[in-house]
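File shown: final32.cif. Contents: mmCIF, C-alpha atoms.
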data_upload
#
loop_
_atom_site.label_atom_id
_atom_site.label_comp_id
_atom_site.auth_asym_id
_atom_site.auth_seq_id
_atom_site.Cartn_x
_atom_site.Cartn_y
_atom_site.Cartn_z
CA MET A 149 0.00 0.00 0.00
CA ILE A 150 1.04 3.61 -0.43
CA ILE A 151 0.73 6.64 1.78
CA ARG A 152 -2.44 8.48 0.89
CA THR A 153 -3.21 12.17 1.11
CA ALA A 154 -6.11 13.27 3.29
CA ALA A 155 -8.15 13.94 0.16
CA ARG A 156 -7.57 10.45 -1.16
CA ARG A 157 -8.47 9.00 2.24
CA ARG A 158 -11.75 10.85 2.14
CA ALA A 159 -12.41 9.73 -1.42
CA ALA A 160 -11.74 6.12 -0.54
CA ALA A 161 -13.95 6.33 2.53
CA THR A 162 -16.83 7.68 0.47
CA ALA A 163 -16.26 5.19 -2.35
CA ALA A 164 -16.11 2.31 0.09
CA THR A 165 -19.56 3.05 1.38
CA VAL A 166 -21.24 3.27 -2.04
CA CYS A 167 -19.56 0.44 -3.92
CA ALA A 168 -21.02 -3.05 -3.82
CA LEU A 169 -18.58 -5.40 -2.13
CA ALA A 170 -18.50 -9.13 -1.97
CA VAL A 171 -19.50 -9.68 1.64
CA ALA A 172 -22.38 -8.61 3.80
CA LEU A 173 -20.21 -6.73 6.26
CA THR A 174 -19.35 -4.13 3.66
CA ALA A 175 -22.02 -4.59 1.01
CA CYS A 176 -24.15 -1.61 0.09
CA SER A 177 -27.26 -3.42 -1.13
CA GLY A 178 -30.25 -4.52 0.92
CA THR A 179 -32.61 -2.77 3.29
CA THR A 180 -31.65 0.26 5.32
CA LYS A 181 -31.77 0.08 9.08
CA ASN A 182 -34.91 2.23 9.03
CA SER A 183 -36.70 -0.23 6.76
CA THR A 184 -35.78 -3.31 8.76
CA GLU A 185 -38.95 -4.75 10.23
CA LYS A 186 -37.56 -7.43 12.48
CA GLY A 187 -35.61 -6.73 15.67
CA THR A 188 -35.40 -2.96 15.24
CA THR A 189 -35.67 -1.15 18.54
CA LYS A 190 -33.87 2.09 17.74
CA ALA A 191 -35.62 5.08 19.17
CA ASP A 192 -35.24 7.19 16.06
CA THR A 193 -36.47 4.83 13.35
CA ALA A 194 -39.34 7.17 12.55
CA ALA A 195 -37.18 10.29 12.58
CA GLU A 196 -36.48 12.22 9.41
CA ALA A 197 -33.06 13.65 8.62
CA ASN A 198 -32.61 17.36 8.06
CA PRO A 199 -29.27 17.68 6.27
CA ASP A 200 -29.48 21.48 6.46
CA ALA A 201 -29.77 21.55 10.25
CA PRO A 202 -26.80 23.24 11.94
CA LEU A 203 -24.74 21.36 14.50
CA LYS A 204 -26.16 22.12 17.92
CA LYS A 205 -24.05 24.08 20.36
CA GLY A 206 -23.34 22.71 23.82
CA LEU A 207 -23.69 19.02 22.98
CA LYS A 208 -22.26 16.59 25.54
CA LEU A 209 -20.37 13.59 24.12
CA ALA A 210 -18.85 10.70 26.08
CA PHE A 211 -16.24 8.30 24.69
CA LEU A 212 -16.29 4.82 26.24
CA PRO A 213 -13.22 2.83 25.08
CA LYS A 214 -12.59 -0.86 25.62
CA GLN A 215 -10.33 0.09 28.49
CA ILE A 216 -9.24 3.43 29.78
CA ASN A 217 -5.48 2.73 29.69
CA ASN A 218 -5.30 1.49 26.09
CA PRO A 219 -2.81 3.84 24.33
CA TYR A 220 -4.41 3.39 20.91
CA GLU A 221 -7.87 4.23 22.14
CA LYS A 222 -6.50 7.18 24.09
CA ILE A 223 -5.38 8.66 20.75
CA VAL A 224 -8.82 8.03 19.23
CA ASP A 225 -10.73 9.52 22.15
CA GLU A 226 -8.54 12.59 22.59
CA ALA A 227 -8.93 13.40 18.90
CA GLY A 228 -12.69 13.05 19.19
CA ILE A 229 -12.79 15.29 22.25
CA ALA A 230 -10.69 17.90 20.43
CA ALA A 231 -13.05 17.71 17.45
CA ALA A 232 -16.02 18.38 19.74
CA ALA A 233 -14.46 21.66 20.76
CA GLU A 234 -14.39 22.71 17.08
CA TYR A 235 -18.17 22.73 16.85
CA GLY A 236 -18.92 24.05 20.34
CA ALA A 237 -19.48 20.76 22.17
CA THR A 238 -17.80 19.16 25.16
CA GLY A 239 -16.38 15.65 25.21
CA LYS A 240 -14.97 13.35 27.85
CA GLU A 241 -13.52 9.85 28.14
CA VAL A 242 -14.69 7.35 30.74
CA GLY A 243 -14.25 3.62 30.96
CA PRO A 244 -13.05 0.50 32.76
CA SER A 245 -9.46 -0.50 33.43
CA ASP A 246 -10.06 -3.99 32.05
CA ALA A 247 -11.55 -5.19 28.78
CA SER A 248 -13.96 -7.81 30.10
CA ALA A 249 -17.30 -8.35 28.37
CA SER A 250 -19.50 -6.62 30.96
CA SER A 251 -17.05 -4.00 32.23
CA GLN A 252 -18.63 -1.14 30.26
CA VAL A 253 -22.22 -1.64 31.43
CA SER A 254 -22.05 0.44 34.62
CA TYR A 255 -20.46 3.32 32.71
CA ILE A 256 -23.28 3.35 30.16
CA ASN A 257 -25.84 3.49 32.98
CA THR A 258 -24.03 6.44 34.55
CA LEU A 259 -23.84 8.29 31.22
CA ILE A 260 -27.59 7.81 30.80
CA GLN A 261 -28.18 9.36 34.21
CA GLN A 262 -25.93 12.25 33.22
CA ARG A 263 -28.09 12.85 30.12
CA GLN A 264 -25.25 12.82 27.64
CA ASP A 265 -26.31 13.75 24.10
CA ALA A 266 -24.24 10.94 22.57
CA ILE A 267 -22.30 7.90 23.72
CA LEU A 268 -19.44 6.68 21.54
CA ILE A 269 -18.38 3.13 22.43
CA ALA A 270 -15.70 0.67 21.38
CA ALA A 271 -17.49 -2.46 22.51
CA ASN A 272 -15.71 -5.23 24.41
CA ASP A 273 -18.61 -7.54 23.60
CA PRO A 274 -21.24 -7.02 20.88
CA ASN A 275 -24.17 -8.10 23.08
CA ALA A 276 -23.25 -7.49 26.73
CA VAL A 277 -23.70 -3.73 26.31
CA CYS A 278 -26.93 -3.89 24.32
CA GLY A 279 -29.43 -3.60 27.16
CA PRO A 280 -28.21 -0.28 28.52
CA LEU A 281 -27.45 1.11 25.04
CA LYS A 282 -31.05 0.46 23.98
CA GLN A 283 -32.19 2.27 27.11
CA ALA A 284 -29.96 5.19 26.14
CA MET A 285 -31.53 5.37 22.67
CA LYS A 286 -35.03 5.28 24.16
CA LYS A 287 -34.05 8.42 26.07
CA ASP A 288 -32.90 10.05 22.81
CA ILE A 289 -29.22 9.62 23.58
CA LYS A 290 -27.45 8.85 20.31
CA VAL A 291 -25.16 5.82 20.22
CA VAL A 292 -22.15 5.53 17.91
CA ALA A 293 -19.92 2.46 17.95
CA TYR A 294 -16.33 2.90 16.82
CA ASP A 295 -13.34 0.59 16.42
CA SER A 296 -15.31 -2.46 17.69
CA ASP A 297 -19.01 -2.76 16.89
CA THR A 298 -22.02 -3.67 18.99
CA ALA A 299 -24.93 -5.71 17.70
CA LYS A 300 -26.48 -3.66 14.91
CA ASP A 301 -29.71 -2.77 16.70
CA CYS A 302 -27.86 -1.39 19.72
CA ARG A 303 -26.50 1.75 18.02
CA GLN A 304 -27.29 4.16 15.20
CA LEU A 305 -23.85 4.19 13.55
CA PHE A 306 -20.65 2.17 13.43
CA ILE A 307 -17.49 4.07 12.51
CA ASN A 308 -15.28 1.41 10.95
CA GLN A 309 -11.56 1.98 10.50
CA ALA A 310 -11.51 0.31 7.11
CA SER A 311 -13.24 -2.52 5.32
CA SER A 312 -13.15 -5.46 7.72
CA GLU A 313 -12.48 -7.79 4.83
CA GLU A 314 -9.57 -5.69 3.59
CA ILE A 315 -7.98 -5.60 7.04
CA GLY A 316 -8.22 -9.34 7.64
CA ARG A 317 -7.14 -10.47 4.19
CA SER A 318 -4.32 -7.94 3.86
CA LEU A 319 -2.68 -9.07 7.11
CA VAL A 320 -2.49 -12.64 5.80
CA GLN A 321 -1.32 -11.43 2.40
CA HIS A 322 1.51 -9.40 3.93
CA LEU A 323 2.65 -12.22 6.20
CA GLY A 324 2.45 -14.77 3.39
CA GLU A 325 4.77 -12.67 1.24
CA GLN A 326 7.23 -12.29 4.11
CA ILE A 327 7.49 -16.02 4.91
CA GLY A 328 7.36 -17.26 1.34
CA TYR A 329 3.91 -18.81 1.85
CA GLN A 330 5.35 -21.65 3.91
CA GLY A 331 5.29 -22.59 7.56
CA LYS A 332 3.24 -22.48 10.76
CA ILE A 333 1.64 -19.23 11.83
CA ALA A 334 -0.32 -18.01 14.84
CA ILE A 335 -2.63 -15.12 15.66
CA LEU A 336 -2.26 -13.09 18.85
CA SER A 337 -5.62 -11.38 19.38
CA ALA A 338 -7.14 -9.18 22.09
CA THR A 339 -10.19 -10.58 23.91
CA GLN A 340 -12.20 -13.57 22.74
CA ASN A 341 -15.37 -11.46 22.45
CA ALA A 342 -13.96 -8.40 20.63
CA THR A 343 -16.18 -7.84 17.59
CA ASN A 344 -13.54 -6.28 15.38
CA GLN A 345 -10.87 -8.87 16.19
CA ASN A 346 -13.19 -11.81 15.54
CA THR A 347 -14.43 -10.35 12.26
CA TRP A 348 -10.88 -9.80 11.02
CA ILE A 349 -9.84 -13.29 12.12
CA GLU A 350 -12.70 -14.86 10.17
CA PHE A 351 -11.48 -13.09 7.03
CA MET A 352 -7.91 -14.22 7.81
CA LYS A 353 -9.06 -17.82 8.01
CA ASP A 354 -11.01 -17.45 4.78
CA GLU A 355 -7.98 -15.98 3.02
CA LEU A 356 -5.86 -18.90 4.22
CA LYS A 357 -8.18 -21.31 2.35
CA LEU A 358 -6.89 -20.02 -1.00
CA PRO A 359 -4.52 -22.36 -2.89
CA LYS A 360 -1.46 -20.13 -2.57
CA TYR A 361 -1.53 -20.63 1.21
CA ARG A 362 -1.66 -24.43 1.05
CA ASN A 363 1.78 -24.67 2.70
CA MET A 364 0.87 -22.31 5.53
CA GLN A 365 -0.81 -23.65 8.67
CA LEU A 366 -2.63 -21.63 11.33
CA VAL A 367 -1.77 -23.52 14.51
CA LYS A 368 -3.39 -21.34 17.17
CA VAL A 369 -5.32 -18.18 17.97
CA ALA A 370 -4.06 -16.87 21.32
CA TYR A 371 -5.66 -14.12 23.40
CA GLY A 372 -3.72 -11.50 25.32
CA ASP A 373 -6.88 -9.63 26.45
CA ASP A 374 -5.36 -6.34 25.30
CA ALA A 375 -3.12 -6.50 28.36
CA ASP A 376 0.59 -5.89 27.78
CA GLN A 377 1.99 -8.50 30.16
CA LYS A 378 -0.48 -11.21 29.20
CA SER A 379 0.18 -10.57 25.49
CA PHE A 380 3.93 -10.83 26.21
CA GLN A 381 3.38 -14.14 28.00
CA GLN A 382 1.13 -15.45 25.24
CA THR A 383 3.87 -14.71 22.70
CA GLN A 384 6.35 -16.61 24.84
CA GLY A 385 3.89 -19.50 25.16
CA LEU A 386 3.32 -19.67 21.41
CA LEU A 387 7.03 -20.00 20.70
CA GLN A 388 7.52 -22.57 23.43
CA ALA A 389 4.66 -24.66 22.04
CA TYR A 390 5.67 -24.14 18.39
CA PRO A 391 9.44 -23.54 18.20
CA ASP A 392 9.26 -23.83 14.40
CA LEU A 393 6.68 -21.03 14.15
CA LYS A 394 7.35 -18.84 11.12
CA GLY A 395 5.03 -15.92 11.72
CA ILE A 396 2.62 -14.16 14.08
CA ILE A 397 -0.22 -11.83 13.16
CA SER A 398 -1.35 -9.54 15.98
CA PRO A 399 -4.33 -7.37 14.93
CA THR A 400 -4.20 -5.37 18.17
CA THR A 401 -1.88 -2.49 19.04
CA VAL A 402 -1.28 -3.79 22.55
CA GLY A 403 -0.54 -7.30 21.33
CA ILE A 404 1.84 -6.42 18.52
CA ALA A 405 3.92 -4.16 20.77
CA ALA A 406 4.16 -6.82 23.47
CA ALA A 407 5.06 -9.50 20.93
CA ALA A 408 7.72 -7.26 19.40
CA ARG A 409 9.20 -6.61 22.83
CA TYR A 410 9.50 -10.35 23.47
CA LEU A 411 10.96 -11.13 20.05
CA SER A 412 13.48 -8.28 20.20
CA ASP A 413 15.25 -9.84 23.20
CA SER A 414 14.95 -13.47 22.13
CA SER A 415 16.72 -15.91 19.84
CA TYR A 416 13.68 -15.69 17.55
CA LYS A 417 14.49 -12.14 16.46
CA GLY A 418 14.89 -12.12 12.69
CA LYS A 419 13.56 -15.67 12.46
CA VAL A 420 9.88 -15.21 13.34
CA VAL A 421 8.01 -12.64 11.28
CA LEU A 422 5.64 -10.38 13.21
CA ASN A 423 2.95 -8.42 11.42
CA GLY A 424 -0.32 -6.82 12.48
CA LEU A 425 -1.81 -3.52 13.57
CA GLY A 426 0.18 -0.97 15.57
CA THR A 427 0.94 2.70 15.92
CA PRO A 428 4.17 4.18 14.52
CA ASN A 429 5.31 5.61 17.84
CA GLN A 430 5.03 2.32 19.72
CA MET A 431 6.58 0.25 16.91
CA ARG A 432 9.31 2.59 15.63
CA LYS A 433 12.16 1.10 17.66
CA TYR A 434 11.23 -2.45 16.63
CA VAL A 435 11.21 -1.52 12.97
CA LYS A 436 14.58 0.19 13.29
CA ASP A 437 16.22 -2.68 15.19
CA GLY A 438 15.00 -5.25 12.67
CA THR A 439 12.49 -7.05 14.88
CA VAL A 440 9.57 -6.02 12.66
CA GLU A 441 9.75 -5.37 8.93
CA GLN A 442 6.29 -3.88 8.47
CA PHE A 443 2.88 -3.41 10.10
CA SER A 444 -0.24 -1.42 9.28
CA LEU A 445 -2.92 0.84 10.71
CA TRP A 446 -5.26 3.68 9.85
CA ASN A 447 -4.85 7.07 11.49
CA PRO A 448 -6.53 6.72 14.92
CA GLU A 449 -6.78 10.49 15.26
CA GLU A 450 -8.94 10.60 12.13
CA LEU A 451 -11.09 7.76 13.50
CA GLY A 452 -11.87 9.72 16.66
CA TYR A 453 -12.40 12.91 14.71
CA LEU A 454 -14.86 11.23 12.33
CA GLY A 455 -16.73 9.56 15.18
CA SER A 456 -17.14 12.86 16.98
CA TYR A 457 -18.64 14.64 13.96
CA ALA A 458 -20.89 11.65 13.21
CA ALA A 459 -22.27 11.72 16.75
CA ALA A 460 -22.86 15.47 16.50
CA ALA A 461 -24.66 15.06 13.18
CA LEU A 462 -26.95 12.46 14.77
CA ALA A 463 -27.62 14.56 17.87
CA SER A 464 -28.35 17.61 15.69
CA GLY A 465 -30.81 15.80 13.43
CA GLN A 466 -28.71 16.08 10.26
CA ILE A 467 -28.78 12.29 9.91
CA THR A 468 -30.65 9.37 11.46
CA GLY A 469 -28.18 6.63 10.54
CA ALA A 470 -30.02 5.44 7.44
CA GLU A 471 -28.12 4.09 4.45
CA GLY A 472 -27.32 6.74 1.86
CA GLU A 473 -27.44 9.74 4.20
CA LYS A 474 -24.48 12.12 4.02
CA PHE A 475 -22.79 14.33 6.58
CA LYS A 476 -19.71 16.52 6.77
CA ALA A 477 -16.91 15.65 9.16
CA GLY A 478 -15.00 18.90 9.42
CA LYS A 479 -11.59 18.81 7.74
CA LEU A 480 -12.14 15.17 6.62
CA GLY A 481 -14.93 16.20 4.28
CA GLU A 482 -18.18 14.42 3.42
CA TYR A 483 -19.06 10.82 4.26
CA THR A 484 -21.90 8.58 3.17
CA ILE A 485 -23.59 6.08 5.49
CA GLY A 486 -23.52 2.52 4.19
CA LYS A 487 -25.47 -0.62 4.98
CA ASP A 488 -26.37 -1.22 8.64
CA GLY A 489 -25.25 2.26 9.61
CA GLU A 490 -21.59 1.64 8.76
CA VAL A 491 -19.27 4.53 7.93
CA ILE A 492 -15.79 3.60 6.70
CA LEU A 493 -12.86 5.90 7.45
CA GLY A 494 -10.60 4.68 4.63
CA GLU A 495 -7.93 2.10 3.84
CA PRO A 496 -5.03 1.43 6.23
CA THR A 497 -1.43 2.47 5.64
CA VAL A 498 1.53 0.06 5.73
CA PHE A 499 4.45 1.31 7.82
CA ASP A 500 8.08 0.26 7.33
CA LYS A 501 11.57 1.74 7.76
CA ASN A 502 11.10 3.93 4.69
CA ASN A 503 8.12 5.91 5.97
CA ILE A 504 7.71 5.38 9.70
CA ASP A 505 9.52 8.59 10.68
CA THR A 506 7.01 10.68 8.75
CA PHE A 507 4.25 9.74 11.24
CA ASP A 508 3.80 10.84 14.84
CA PHE A 509 0.97 9.06 16.64
#
Could you take the file, read its structure, and then write that structure out as structure tokens?
Amino acid sequence: MIIRTAARRRAAATAATVCALAVALTACSGTTKNSTEKGTTKADTAAEANPDAPLKKGLKLAFLPKQINNPYEKIVDEAGIAAAAEYGATGKEVGPSDASASSQVSYINTLIQQRQDAILIAANDPNAVCGPLKQAMKKDIKVVAYDSDTAKDCRQLFINQASSEEIGRSLVQHLGEQIGYQGKIAILSATQNATNQNTWIEFMKDELKLPKYRNMQLVKVAYGDDADQKSFQQTQGLLQAYPDLKGIISPTTVGIAAAARYLSDSSYKGKVVLNGLGTPNQMRKYVKDGTVEQFSLWNPEELGYLGSYAAAALASGQITGAEGEKFKAGKLGEYTIGKDGEVILGEPTVFDKNNIDTFDF
């Protein structure tokens, strides 16, 4: 992949939501969420969008990440809070210190009591948070999922980093090229219930069924629970169990950094290929010391920024979350809502020694 300008990112994000893709997660055909008859409980299904409505002043937005100490999600949330200030709103970040399935529920209940105008959530579990989120929507609190989705009827919008299929397949494609399409590989994921991780892993497994990967074997999916030390230990355990392992894919910023730290001080450095999703600042030293050749990610600041403007557009009545509606996201430009309320930021960037120093996040 190549580094894209902001304009090209916006163009790709818009194109991605209007093009028909091969899988249901990103397809643009079918019924809109407002025309779905079965299982729809969203409070605003009868609402009509007013695209000319101005963004309301004084909106209150709350960002609820998977866990409060996750450095990646801190970047996302801080960017979203800064974006809120641009249009006269206030934002805050609240959340649990662990990424367990039910850890976010009490925070949602508190935010409902506080009468927030919008809750933006990176769900630890697609269903565990649904009860309180539906209660929030009944009270006209808008719900926007970002990074990791909820069940579709538990929010109005999902701000997706990139096409889920593209993320999952590209990680396998990159690793396959690096190991010559031969050998045992493993996946180091976050939590077992993380919606985004599981979706990406399904596409990884599907990609591995193609003939060119016939000499590659996925031996295990390990879970580090988005905890640094556990991810470090899981990496160690993988290599003890499979000393002939050729590659590891870690589609989580916490996991890839922990795995890189283990590999950098082990005899496996330069022998086991590590690829996945990480931020340039956390991975720079591992790229420069030869532990990691390449990894990828979208710009998390843009993800938070887009989520903030999407929530404001919902709370201001510019959009309802129906397929085909459009809204403007400040400096990122215009976006179109796709099937099931999905909005795609754009395609990820691949980082290596040639470009990593041009990024600071």
Self-check item: Surrounding residues of range 443-458 of chain A excluding itself and chain neighbours under 6 positions, 6 Å, all atoms listed in the file, as a ChimeraX atom specification
Solution: /A:223-225,227-228,231,423-425,477,496-499
Selection to disk with C-alpha atoms, as a short mmCIF file (atom, residue, chain, number, x, y, z; two decimals), in the coordinates of the input:
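Below you can see out_32.cif, which holds the result:
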data_model
loop_
_atom_site.label_atom_id
_atom_site.label_comp_id
_atom_site.auth_asym_id
_atom_site.auth_seq_id
_atom_site.Cartn_x
_atom_site.Cartn_y
_atom_site.Cartn_z
CA ILE A 223 -5.38 8.66 20.75
CA VAL A 224 -8.82 8.03 19.23
CA ASP A 225 -10.73 9.52 22.15
CA ALA A 227 -8.93 13.40 18.90
CA GLY A 228 -12.69 13.05 19.19
CA ALA A 231 -13.05 17.71 17.45
CA ASN A 423 2.95 -8.42 11.42
CA GLY A 424 -0.32 -6.82 12.48
CA LEU A 425 -1.81 -3.52 13.57
CA ALA A 477 -16.91 15.65 9.16
CA PRO A 496 -5.03 1.43 6.23
CA THR A 497 -1.43 2.47 5.64
CA VAL A 498 1.53 0.06 5.73
CA PHE A 499 4.45 1.31 7.82
#
Exercise. Go through A:Lys357, A:Lys205, A:Lys487, A:Lys214 and flag the residue nearest Ala247 in chain A, using only C-alpha atoms for the distances.
Key: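 Among the listed residues, the smallest separation from Ala247 in chain A belongs to A:Lys214.
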Practice problem: Quick one: apply the PyMOL selection byres ((chain A and resi 264) around 7) to the file and drop the selected residues here as a list in words. | Solution: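 With the shown file as input, the PyMOL selection byres ((chain A and resi 264) around 7) matches Lys208, Leu209, Ala210, Leu259, Ile260, Gln262, Arg263, Asp265, Ala266, Ile267 and Ile289 of chain A.
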Atoms to include: C-alpha atoms. Write the selected residues as a CSV table (one decimal), keeping the file's coordinate frame.
chain,number,residue,atom,x,y,z
A,208,LYS,CA,-22.3,16.6,25.5
A,209,LEU,CA,-20.4,13.6,24.1
A,210,ALA,CA,-18.8,10.7,26.1
A,259,LEU,CA,-23.8,8.3,31.2
A,260,ILE,CA,-27.6,7.8,30.8
A,262,GLN,CA,-25.9,12.2,33.2
A,263,ARG,CA,-28.1,12.8,30.1
A,265,ASP,CA,-26.3,13.8,24.1
A,266,ALA,CA,-24.2,10.9,22.6
A,267,ILE,CA,-22.3,7.9,23.7
A,289,ILE,CA,-29.2,9.6,23.6
Residue members of the PyMOL selection byres ((chain A and resi 442) around 10) in the file shown, as a compact mmCIF listing (two decimals) with C-alpha atoms, in the coordinates of the input:
# COMPACT_ATOMS: atom_id res chain seq x y z
CA HIS A 322 1.51 -9.40 3.93
CA LEU A 323 2.65 -12.22 6.20
CA GLN A 326 7.23 -12.29 4.11
CA VAL A 421 8.01 -12.64 11.28
CA LEU A 422 5.64 -10.38 13.21
CA ASN A 423 2.95 -8.42 11.42
CA GLY A 424 -0.32 -6.82 12.48
CA LEU A 425 -1.81 -3.52 13.57
CA GLY A 426 0.18 -0.97 15.57
CA MET A 431 6.58 0.25 16.91
CA TYR A 434 11.23 -2.45 16.63
CA VAL A 435 11.21 -1.52 12.97
CA GLY A 438 15.00 -5.25 12.67
CA THR A 439 12.49 -7.05 14.88
CA VAL A 440 9.57 -6.02 12.66
CA GLU A 441 9.75 -5.37 8.93
CA PHE A 443 2.88 -3.41 10.10
CA SER A 444 -0.24 -1.42 9.28
CA VAL A 498 1.53 0.06 5.73
CA PHE A 499 4.45 1.31 7.82
CA ASP A 500 8.08 0.26 7.33
CA LYS A 501 11.57 1.74 7.76
CA ASN A 502 11.10 3.93 4.69
CA ILE A 504 7.71 5.38 9.70
Quiz prompt | Explicit residues for the PyMOL selection byres ((chain A and resi 466) around 9) (as a ChimeraX atom specification) | solution = /A:196-203,460-465,467-468,473-475
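The residue that comes closest to Pro391 in chain A, out of A:Thr506, A:Asn275, A:Thr347, A:Ser415 and on the basis of all atoms listed in the file, is A:Ser415.
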Exercise. Measure the distance from CA of Ile335 in chain A to CA of Leu366 in chain A in Å and round it to one decimal.
Key: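 Distance reported for this atom pair: 7.8 Å.
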Practice problem: Return the single residue from A:Lys282, A:Lys204, A:Arg432, A:Lys368 that is closest to Glu234 in chain A, with distances computed using all atoms listed in the file. | Solution: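 Going through A:Lys282, A:Lys204, A:Arg432, A:Lys368 one by one, the smallest distance to Glu234 in chain A is for A:Lys204.
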Quiz prompt | Residue nearest Asn346 in chain A among A:Thr484, A:Tyr361, A:Pro274, A:Tyr410 (counting only C-alpha atoms) | solution =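 Ranking A:Thr484, A:Tyr361, A:Pro274, A:Tyr410 by distance to Asn346 in chain A, first place goes to A:Pro274.
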Practice problem: Kindly indicate which residue among A:Gly478, A:Pro399, A:Gly486, A:Pro213 lies nearest to Tyr294 in chain A, using only C-alpha atoms for the distances. | Solution: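 Among the listed residues, the smallest separation from Tyr294 in chain A belongs to A:Pro213.
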Find the smallest box with edges along x, y and z containing every listed atom of range 287-303 of chain A, then add 4 Å on each side and report centre and edge lengths in Å to one decimal, as AutoDock Vina command-line options.
--center_x -23.7 --center_y 2.2 --center_z 20.5 --size_x 28.7 --size_y 23.8 --size_z 19.2
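CA of Ser337 in chain A is found 12.8 Å from CA of Asn272 in chain A.
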Self-check item: d(CA of Gln345 in chain A, CA of Thr298 in chain A) in Å
Solution: 12.6 Å
Quiz item: With only C-alpha atoms as the basis for distance, which of A:Ala408, A:Ile396, A:Ala375, A:Val292 is at the shortest distance from Ser248 in chain A?
Solution: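 Checking each candidate against Ser248 in chain A, we get A:Ala375 as the closest.
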